[in-house]
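Data first, discussion second: the structure below is written as structure tokens.
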Amino acid sequence: MTGSEAPPSASPTAAPSFRLAYAPGVTPGKWVRIWNERLPDVPLTLLQMSAAEAPGALRDGGADAAFVRLPIDRTGLAAIPLYTETTVVVVPKDHLVAAAEEVSTEDLADEIVLHPLDDTLDWESLPGKPAFERPATTADAIELVAAGIGVLVVPQSLARLHHRKDLTYRTVTDAPQSRIALSFLELDGEPADLVEEFIGIVRGRTVNSTRGRGAPTPPQPKQRGRADAAGGGRKPAAGKSGGGKNPRGASGGAKGAKGGKGTKGGGKPRRGR
């Protein structure tokens, strides 16, 4: 067979990687740092996308796992709830609400409360007065708050994400709260190895956990040397023979046992008169 007739060499196997999507406001930095320490050979790519986009990316294979805001369409997906966020109202710094430490939805009854199209809170009934038009995004709604058009009720992390020097926020005690969850494809068996590894990191499993790709091999017992195996590796304690007998012999031992008269308190023998 000539060189031109030789079959093409097989393409190298693609190196493993992990794609993590996250909703705005979620800060996955600490988990990514642990991932890079434990799996330095597997690059992790962060993908920021809206809460509505993440489920579709998981189903289409565009992401391996995602931090999402519940509720989501759970069709074909598993979700592990992680934490619940405080809900706040964003107002200008000179707004009357800014004078209070916290407010209720009833305190916002006379306010125009903006309701962006990407709102992540599960409202049964919106507080306050509706705006003439719904902003397209939370970022757009923040701009309207700064312009004095209305106020905005959002998870606290989004208020921090869109922080402005001329705005502040206060806790809303009775508003719906946003729950953050880790979501991934729901399989018949266990999740994929890399997904299981990331679940372990988020749940706080240590590197010594028996689950996950990075779990170390348990230590093996030390091999005994030939002398140990033959029973001759351990030296007898000082003053004792290997068999545990009195080195002076059995008769000496018996004599010593009867010598209570000649000794006192285990000291030196007394001289006879």
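Identifiers for the structure tokens are assigned positionally: chains receive A, B, ... in sequence, residues are indexed from 1 per chain, and ligands are indexed from 1 in the order shown.
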Every residue of region 13-247 of chain A that DSSP places in strand (DSSP E or B), as a PyMOL selection string: chain A and resi 18-22+44-48+65-70+77-84+87-92+102-103+112-114+129-130+151-155+167-172+179-185
Give me the region 61-142 of chain A side of the contact with region 160-164 of chain A, cut-off 9 Å, one line per residue showing its nearest atom pair and distance in Å at one decimal, counting only C-alpha atoms, sorted by chain and residue number, as a tab-separated table.
```
residue	atom	partner	partner_atom	distance
A:Thr138	CA	A:His162	CA	8.6
A:Ala139	CA	A:His162	CA	6.8
A:Ile142	CA	A:His162	CA	7.2
```
Counting only C-alpha atoms, the option among A:Leu152, A:Val90, A:Ala54, A:Leu96 closest to Arg74 (chain A): A:Ala54
Between A:Tyr83, A:Glu111, A:Val103, A:Ser183, smallest distance to Arg59 (chain A) by only C-alpha atoms belongs to A:Ser183
Region 11-213 of chain A: residues DSSP assigns to helix (DSSP H, G or I), reported as a PyMOL selection string: chain A and resi 29-38+54-60+96-99+105-108+138-146+156-161+193-202
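From CA of Glu143 (chain A) back to CA of Leu158 (chain A), the distance works out to 13.5 Å.
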Write out as a ChimeraX atom specification the residues lying within 8 Å of Gln156 (chain A), counting only C-alpha atoms and excluding same-chain residues fewer than 6 positions away. /A:85-88
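The space separating CA of Val151 (chain A) from CA of Val113 (chain A) comes to 5.0 Å.
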Residues of region 70-111 of chain A within 10 Å of region 166-178 of chain A: nearest atom pair and distance (Å, one decimal) for each, counting only C-alpha atoms, sorted by chain and number, as CSV?
```
residue,atom,partner,partner_atom,distance
A:Leu70,CA,A:Ser178,CA,6.7
A:Pro71,CA,A:Ser178,CA,8.6
A:Tyr83,CA,A:Ser178,CA,8.7
A:Thr84,CA,A:Ser178,CA,5.8
A:Glu85,CA,A:Ser178,CA,5.4
A:Thr86,CA,A:Gln177,CA,6.2
A:Thr87,CA,A:Gln177,CA,5.7
A:Val88,CA,A:Thr171,CA,4.2
A:Val89,CA,A:Tyr169,CA,5.3
A:Val90,CA,A:Tyr169,CA,4.3
A:Val91,CA,A:Thr168,CA,5.7
A:Pro92,CA,A:Leu167,CA,4.4
A:Lys93,CA,A:Leu167,CA,5.1
A:Asp94,CA,A:Leu167,CA,8.5
A:His95,CA,A:Thr168,CA,9.2
A:Val97,CA,A:Arg170,CA,7.6
A:Ala98,CA,A:Arg170,CA,6.9
A:Ala99,CA,A:Arg170,CA,9.3
A:Ala100,CA,A:Arg170,CA,7.5
A:Glu101,CA,A:Arg170,CA,6.3
A:Glu102,CA,A:Thr171,CA,4.7
A:Val103,CA,A:Val172,CA,5.0
A:Ser104,CA,A:Val172,CA,5.2
A:Thr105,CA,A:Asp174,CA,6.5
A:Glu106,CA,A:Asp174,CA,9.1
A:Asp107,CA,A:Val172,CA,9.3
A:Leu108,CA,A:Val172,CA,9.6
```
Go ahead and save the picked residues with N, CA and C atoms, as a CSV table (one decimal), in the first residue's frame.
```csv
chain,number,residue,atom,x,y,z
A,70,LEU,N,-36.1,30.0,40.0
A,70,LEU,CA,-37.3,29.2,40.0
A,70,LEU,C,-38.5,30.2,40.1
A,71,PRO,N,-39.6,29.9,39.5
A,71,PRO,CA,-39.9,28.6,38.8
A,71,PRO,C,-39.5,28.7,37.3
A,83,TYR,N,-30.7,28.5,47.4
A,83,TYR,CA,-30.9,29.5,48.4
A,83,TYR,C,-32.0,30.4,47.9
A,84,THR,N,-32.6,31.2,48.8
A,84,THR,CA,-33.7,32.2,48.5
A,84,THR,C,-33.2,33.6,48.7
A,85,GLU,N,-33.5,34.5,47.8
A,85,GLU,CA,-33.0,35.8,47.9
A,85,GLU,C,-34.0,36.7,48.6
A,86,THR,N,-33.5,37.8,49.2
A,86,THR,CA,-34.4,38.8,49.7
A,86,THR,C,-34.9,39.7,48.6
A,87,THR,N,-36.1,40.2,48.7
A,87,THR,CA,-36.7,41.0,47.6
A,87,THR,C,-36.7,42.5,48.1
A,88,VAL,N,-36.3,43.4,47.2
A,88,VAL,CA,-36.2,44.8,47.6
A,88,VAL,C,-36.9,45.7,46.6
A,89,VAL,N,-37.1,46.9,47.0
A,89,VAL,CA,-37.6,47.9,46.1
A,89,VAL,C,-36.6,48.9,45.8
A,90,VAL,N,-36.3,49.2,44.5
A,90,VAL,CA,-35.3,50.2,44.1
A,90,VAL,C,-36.0,51.6,43.9
A,91,VAL,N,-35.4,52.6,44.6
A,91,VAL,CA,-36.0,53.9,44.6
A,91,VAL,C,-34.9,55.0,44.5
A,92,PRO,N,-35.2,56.2,44.1
A,92,PRO,CA,-34.2,57.2,44.1
A,92,PRO,C,-33.8,57.5,45.6
A,93,LYS,N,-32.6,58.0,45.8
A,93,LYS,CA,-32.1,58.2,47.2
A,93,LYS,C,-32.9,59.2,48.0
A,94,ASP,N,-33.6,60.2,47.3
A,94,ASP,CA,-34.4,61.2,48.0
A,94,ASP,C,-35.8,60.8,48.0
A,95,HIS,N,-36.2,59.5,47.7
A,95,HIS,CA,-37.5,59.1,47.8
A,95,HIS,C,-38.0,58.9,49.2
A,97,VAL,N,-39.5,56.4,50.6
A,97,VAL,CA,-39.3,55.0,51.0
A,97,VAL,C,-37.9,54.9,51.5
A,98,ALA,N,-36.9,55.7,51.0
A,98,ALA,CA,-35.6,55.5,51.5
A,98,ALA,C,-35.4,55.9,53.0
A,99,ALA,N,-36.3,56.5,53.6
A,99,ALA,CA,-36.2,56.9,55.0
A,99,ALA,C,-36.6,55.7,55.9
A,100,ALA,N,-37.2,54.7,55.3
A,100,ALA,CA,-37.5,53.5,56.1
A,100,ALA,C,-36.5,52.4,56.0
A,101,GLU,N,-36.4,51.5,57.0
A,101,GLU,CA,-35.5,50.3,56.8
A,101,GLU,C,-36.1,49.2,56.0
A,102,GLU,N,-37.4,49.1,56.0
A,102,GLU,CA,-38.1,48.1,55.2
A,102,GLU,C,-39.5,48.5,55.0
A,103,VAL,N,-40.1,48.0,54.0
A,103,VAL,CA,-41.5,48.4,53.6
A,103,VAL,C,-42.3,47.2,53.3
A,104,SER,N,-43.6,47.3,53.2
A,104,SER,CA,-44.5,46.3,52.7
A,104,SER,C,-45.1,46.7,51.3
A,105,THR,N,-45.7,45.7,50.7
A,105,THR,CA,-46.3,46.0,49.4
A,105,THR,C,-47.4,47.1,49.5
A,106,GLU,N,-48.1,47.1,50.7
A,106,GLU,CA,-49.1,48.1,51.0
A,106,GLU,C,-48.5,49.5,51.0
A,107,ASP,N,-47.3,49.6,51.4
A,107,ASP,CA,-46.6,50.9,51.4
A,107,ASP,C,-46.4,51.5,50.0
A,108,LEU,N,-46.4,50.6,49.0
A,108,LEU,CA,-46.2,51.0,47.6
A,108,LEU,C,-47.5,51.2,46.9
```
